$ cat protein30.cif   # mmCIF, N, CA and C atoms
data_my_file
#
loop_
_atom_site.label_atom_id
_atom_site.label_comp_id
_atom_site.auth_asym_id
_atom_site.auth_seq_id
_atom_site.Cartn_x
_atom_site.Cartn_y
_atom_site.Cartn_z
N ILE G 167 40.15 151.80 -10.22
CA ILE G 167 38.80 151.30 -10.50
C ILE G 167 38.60 150.03 -9.67
N PRO G 168 37.53 150.00 -8.86
CA PRO G 168 37.27 148.81 -8.03
C PRO G 168 37.11 147.56 -8.89
N GLY G 169 37.72 146.48 -8.46
CA GLY G 169 37.57 145.20 -9.13
C GLY G 169 38.52 144.98 -10.29
N ILE G 170 39.28 145.99 -10.71
CA ILE G 170 40.14 145.83 -11.88
C ILE G 170 41.24 144.81 -11.63
N ALA G 171 41.76 144.72 -10.42
CA ALA G 171 42.82 143.75 -10.12
C ALA G 171 42.29 142.32 -10.25
N GLN G 172 41.09 142.07 -9.74
CA GLN G 172 40.50 140.74 -9.85
C GLN G 172 40.19 140.40 -11.31
N PHE G 173 39.73 141.40 -12.05
CA PHE G 173 39.43 141.19 -13.47
C PHE G 173 40.72 140.81 -14.22
N LYS G 174 41.79 141.52 -13.94
CA LYS G 174 43.07 141.23 -14.59
C LYS G 174 43.52 139.81 -14.27
N ILE G 175 43.40 139.40 -13.03
CA ILE G 175 43.79 138.04 -12.64
C ILE G 175 42.96 137.01 -13.41
N PHE G 176 41.66 137.25 -13.52
CA PHE G 176 40.80 136.31 -14.23
C PHE G 176 41.15 136.25 -15.71
N VAL G 177 41.40 137.39 -16.33
CA VAL G 177 41.78 137.40 -17.76
C VAL G 177 43.08 136.63 -17.96
N GLU G 178 44.04 136.82 -17.08
CA GLU G 178 45.30 136.10 -17.19
C GLU G 178 45.08 134.59 -17.03
N TYR G 179 44.22 134.22 -16.08
CA TYR G 179 43.86 132.81 -15.88
C TYR G 179 43.24 132.23 -17.15
N LEU G 180 42.28 132.95 -17.70
CA LEU G 180 41.60 132.50 -18.91
C LEU G 180 42.57 132.39 -20.07
N ALA G 181 43.41 133.37 -20.23
CA ALA G 181 44.36 133.38 -21.34
C ALA G 181 45.34 132.21 -21.28
N LYS G 182 45.68 131.76 -20.08
CA LYS G 182 46.59 130.63 -19.93
C LYS G 182 45.92 129.31 -20.30
N ARG G 183 44.60 129.25 -20.18
CA ARG G 183 43.90 127.99 -20.35
C ARG G 183 43.17 127.85 -21.68
N ALA G 184 43.10 128.90 -22.43
CA ALA G 184 42.44 128.84 -23.74
C ALA G 184 43.45 129.24 -24.80
N SER G 185 43.34 128.63 -25.95
CA SER G 185 44.25 129.05 -27.01
C SER G 185 43.87 130.45 -27.48
N SER G 186 44.85 131.17 -27.95
CA SER G 186 44.62 132.56 -28.33
C SER G 186 43.58 132.71 -29.44
N ASP G 187 43.44 131.69 -30.27
CA ASP G 187 42.45 131.82 -31.35
C ASP G 187 41.02 131.52 -30.86
N GLN G 188 40.84 131.17 -29.61
CA GLN G 188 39.50 130.96 -29.05
C GLN G 188 38.94 132.20 -28.38
N LEU G 189 39.80 133.15 -28.02
CA LEU G 189 39.38 134.34 -27.28
C LEU G 189 39.41 135.56 -28.18
N HIS G 190 38.34 136.33 -28.15
CA HIS G 190 38.24 137.53 -28.98
C HIS G 190 37.67 138.65 -28.10
N PHE G 191 38.52 139.61 -27.78
CA PHE G 191 38.13 140.73 -26.92
C PHE G 191 37.74 141.93 -27.78
N PHE G 192 36.72 142.65 -27.35
CA PHE G 192 36.25 143.83 -28.06
C PHE G 192 36.13 144.99 -27.08
N ILE G 193 36.61 146.14 -27.49
CA ILE G 193 36.53 147.34 -26.66
C ILE G 193 35.87 148.43 -27.49
N GLY G 194 34.87 149.07 -26.89
CA GLY G 194 34.21 150.19 -27.54
C GLY G 194 34.73 151.50 -26.96
N TYR G 195 35.06 152.42 -27.84
CA TYR G 195 35.60 153.72 -27.42
C TYR G 195 34.62 154.85 -27.74
N TYR G 196 34.64 155.84 -26.91
CA TYR G 196 33.90 157.08 -27.15
C TYR G 196 34.84 158.22 -26.82
N GLU G 197 35.08 159.08 -27.78
CA GLU G 197 36.01 160.19 -27.61
C GLU G 197 37.36 159.71 -27.05
N GLU G 198 37.85 158.62 -27.66
CA GLU G 198 39.15 158.02 -27.33
C GLU G 198 39.23 157.40 -25.94
N LYS G 199 38.09 157.24 -25.26
CA LYS G 199 38.06 156.59 -23.95
C LYS G 199 37.40 155.21 -24.10
N PRO G 200 37.98 154.17 -23.48
CA PRO G 200 37.30 152.87 -23.50
C PRO G 200 36.05 152.94 -22.61
N VAL G 201 34.89 152.64 -23.18
CA VAL G 201 33.65 152.74 -22.42
C VAL G 201 32.85 151.43 -22.39
N ALA G 202 33.20 150.47 -23.24
CA ALA G 202 32.44 149.22 -23.29
C ALA G 202 33.35 148.07 -23.69
N THR G 203 32.94 146.88 -23.30
CA THR G 203 33.74 145.70 -23.62
C THR G 203 32.84 144.48 -23.82
N SER G 204 33.36 143.52 -24.56
CA SER G 204 32.72 142.21 -24.67
C SER G 204 33.80 141.19 -25.01
N LEU G 205 33.46 139.94 -24.80
CA LEU G 205 34.38 138.84 -25.05
C LEU G 205 33.62 137.74 -25.76
N ILE G 206 34.23 137.21 -26.79
CA ILE G 206 33.72 136.02 -27.47
C ILE G 206 34.67 134.86 -27.17
N ILE G 207 34.11 133.73 -26.79
CA ILE G 207 34.89 132.50 -26.64
C ILE G 207 34.34 131.50 -27.64
N ASP G 208 35.21 131.04 -28.53
CA ASP G 208 34.82 130.08 -29.56
C ASP G 208 34.70 128.68 -29.00
N HIS G 209 33.66 127.98 -29.44
CA HIS G 209 33.44 126.57 -29.10
C HIS G 209 32.94 125.90 -30.37
N ALA G 210 33.83 125.23 -31.09
CA ALA G 210 33.46 124.56 -32.35
C ALA G 210 32.77 125.55 -33.28
N ASP G 211 31.50 125.27 -33.67
CA ASP G 211 30.83 126.17 -34.61
C ASP G 211 29.91 127.18 -33.92
N LEU G 212 30.04 127.31 -32.59
CA LEU G 212 29.27 128.33 -31.89
C LEU G 212 30.19 129.16 -31.02
N VAL G 213 29.65 130.27 -30.53
CA VAL G 213 30.43 131.16 -29.68
C VAL G 213 29.63 131.50 -28.43
N GLY G 214 30.35 131.84 -27.38
CA GLY G 214 29.73 132.38 -26.17
C GLY G 214 30.06 133.86 -26.10
N LEU G 215 29.05 134.68 -25.88
CA LEU G 215 29.23 136.11 -25.72
C LEU G 215 29.23 136.40 -24.23
N HIS G 216 30.33 136.92 -23.73
CA HIS G 216 30.53 137.14 -22.30
C HIS G 216 30.97 138.58 -22.04
N TRP G 217 30.88 138.97 -20.78
CA TRP G 217 31.45 140.22 -20.28
C TRP G 217 31.03 141.46 -21.07
N VAL G 218 29.80 141.50 -21.48
CA VAL G 218 29.32 142.73 -22.10
C VAL G 218 29.14 143.72 -20.95
N GLY G 219 29.90 144.78 -20.98
CA GLY G 219 29.85 145.74 -19.90
C GLY G 219 30.10 147.15 -20.42
N VAL G 220 29.50 148.10 -19.72
CA VAL G 220 29.65 149.51 -20.08
C VAL G 220 29.94 150.30 -18.81
N VAL G 221 30.87 151.22 -18.91
CA VAL G 221 31.17 152.12 -17.80
C VAL G 221 29.86 152.82 -17.41
N PRO G 222 29.53 152.86 -16.11
CA PRO G 222 28.21 153.35 -15.69
C PRO G 222 27.75 154.68 -16.30
N GLN G 223 28.60 155.66 -16.37
CA GLN G 223 28.14 156.95 -16.88
C GLN G 223 27.89 156.95 -18.39
N TYR G 224 28.24 155.86 -19.08
CA TYR G 224 28.01 155.76 -20.52
C TYR G 224 26.90 154.76 -20.87
N ARG G 225 26.22 154.24 -19.87
CA ARG G 225 25.14 153.29 -20.12
C ARG G 225 23.93 154.00 -20.75
N ALA G 226 23.11 153.21 -21.41
CA ALA G 226 21.87 153.68 -22.06
C ALA G 226 22.15 154.60 -23.25
N HIS G 227 23.31 154.40 -23.88
CA HIS G 227 23.65 155.16 -25.09
C HIS G 227 23.99 154.24 -26.26
N GLY G 228 23.77 152.94 -26.10
CA GLY G 228 23.98 152.00 -27.20
C GLY G 228 25.37 151.39 -27.28
N PHE G 229 26.24 151.70 -26.32
CA PHE G 229 27.60 151.16 -26.40
C PHE G 229 27.65 149.65 -26.17
N GLY G 230 26.84 149.14 -25.25
CA GLY G 230 26.78 147.69 -25.03
C GLY G 230 26.26 146.96 -26.25
N HIS G 231 25.27 147.54 -26.87
CA HIS G 231 24.72 146.98 -28.11
C HIS G 231 25.79 146.97 -29.20
N ALA G 232 26.53 148.07 -29.31
CA ALA G 232 27.55 148.18 -30.35
C ALA G 232 28.66 147.14 -30.18
N VAL G 233 29.18 146.94 -28.95
CA VAL G 233 30.25 145.95 -28.77
C VAL G 233 29.72 144.54 -28.92
N SER G 234 28.46 144.32 -28.60
CA SER G 234 27.86 143.00 -28.82
C SER G 234 27.72 142.72 -30.31
N CYS G 235 27.23 143.70 -31.05
CA CYS G 235 27.07 143.53 -32.51
C CYS G 235 28.42 143.34 -33.19
N ALA G 236 29.43 144.09 -32.76
CA ALA G 236 30.77 143.93 -33.33
C ALA G 236 31.29 142.52 -33.09
N ALA G 237 31.11 142.03 -31.88
CA ALA G 237 31.57 140.69 -31.53
C ALA G 237 30.84 139.62 -32.34
N LEU G 238 29.54 139.75 -32.47
CA LEU G 238 28.76 138.77 -33.22
C LEU G 238 29.04 138.84 -34.71
N SER G 239 29.24 140.04 -35.22
CA SER G 239 29.58 140.20 -36.64
C SER G 239 30.93 139.56 -36.94
N ASP G 240 31.89 139.76 -36.06
CA ASP G 240 33.20 139.14 -36.23
C ASP G 240 33.07 137.62 -36.20
N SER G 241 32.26 137.11 -35.30
CA SER G 241 32.05 135.66 -35.20
C SER G 241 31.43 135.11 -36.48
N GLN G 242 30.47 135.83 -36.99
CA GLN G 242 29.81 135.41 -38.23
C GLN G 242 30.81 135.39 -39.39
N SER G 243 31.71 136.35 -39.42
CA SER G 243 32.72 136.40 -40.49
C SER G 243 33.69 135.23 -40.39
N ARG G 244 33.77 134.61 -39.21
CA ARG G 244 34.60 133.43 -39.01
C ARG G 244 33.79 132.14 -39.09
N SER G 245 32.61 132.23 -39.72
CA SER G 245 31.74 131.09 -40.01
C SER G 245 31.15 130.42 -38.78
N LYS G 246 31.00 131.15 -37.70
CA LYS G 246 30.32 130.61 -36.52
C LYS G 246 28.82 130.67 -36.78
N LYS G 247 28.12 129.61 -36.41
CA LYS G 247 26.70 129.47 -36.76
C LYS G 247 25.74 129.89 -35.66
N GLN G 248 26.15 129.79 -34.40
CA GLN G 248 25.27 130.10 -33.28
C GLN G 248 26.03 130.87 -32.21
N ALA G 249 25.27 131.63 -31.42
CA ALA G 249 25.86 132.37 -30.31
C ALA G 249 25.00 132.16 -29.07
N ILE G 250 25.66 132.12 -27.94
CA ILE G 250 24.99 132.00 -26.65
C ILE G 250 25.40 133.21 -25.82
N LEU G 251 24.41 133.90 -25.26
CA LEU G 251 24.67 135.04 -24.40
C LEU G 251 24.50 134.58 -22.96
N LEU G 252 25.55 134.78 -22.16
CA LEU G 252 25.47 134.48 -20.73
C LEU G 252 25.29 135.80 -20.01
N ALA G 253 24.14 136.00 -19.44
CA ALA G 253 23.82 137.29 -18.82
C ALA G 253 23.82 137.18 -17.29
N SER G 254 24.14 138.29 -16.66
CA SER G 254 24.08 138.39 -15.20
C SER G 254 23.79 139.85 -14.85
N ASP G 255 23.59 140.10 -13.57
CA ASP G 255 23.33 141.47 -13.15
C ASP G 255 24.55 142.33 -13.24
#
$ encode --input "protein30.cif" --output "structure tokens"
Amino acid sequence: IPGIAQFKIFVEYLAKRASSDQLHFFIGYYEEKPVATSLIIDHADLVGLHWVGVVPQYRAHGFGHAVSCAALSDSQSRSKKQAILLASD
């Protein structure tokens, strides 16, 4: 998969610099295949929602919405009060 090596390097970089309790990764599966992902980074009483992505052939089926909702619901259960979505193309 193009870009996977760079993604792995960045995740390793991030994991070294943030405590494990600040990073929360979410993966959405369809028929046992990973098709969507999101990341929550905790900052005091708010969270940043990052890396919401869906494998191209599974887009427009609600998977991005589902992993975003799962991430935000988990954050809410941990008493986080606000969320910031960082969006890009």
$ residues_around --input "protein30.cif" --residues "stretch 192-203 of chain G" --least-positions-apart "4" --cutoff "7 Å" --atoms "all atoms listed in the file" --output "VMD selection string"
chain G and resid 216 to 221 224 229 to 230 232 to 234 237
$ resolve_selection --input "protein30.cif" --expression "the PyMOL selection byres ((chain G and resi 249) around 7)" --output "VMD selection string"
chain G and resid 211 to 215 246 to 248 250 to 251
$ closest_residue --input "protein30.cif" --among "G:Leu180, G:Ala226, G:Ile175, G:Ile206" --to "G:Gln242" --atoms "only C-alpha atoms"
G:Ile206
$ atom_distance --input "protein30.cif" --atom1 "atom C of G:Ala210" --atom2 "atom C of G:Asp240"
12.4 Å
$ atom_distance --input "protein30.cif" --atom1 "atom CA of G:Pro222" --atom2 "atom C of G:Glu178"
25.3 Å
$ select_by_dssp --input "protein30.cif" --residues "chain G" --states "strand (DSSP E)" --output "NGL selection string"
:G and (189-196 or 199-209 or 212-220 or 248-251)
$ select_by_dssp --input "protein30.cif" --residues "chain G" --states "helix (DSSP H, G or I)" --output "PyMOL selection string"
chain G and resi 170-183+186-188+222-224+229-243
$ atom_distance --input "protein30.cif" --atom1 "atom C of G:Gln223" --atom2 "atom CA of G:Tyr179"
29.1 Å
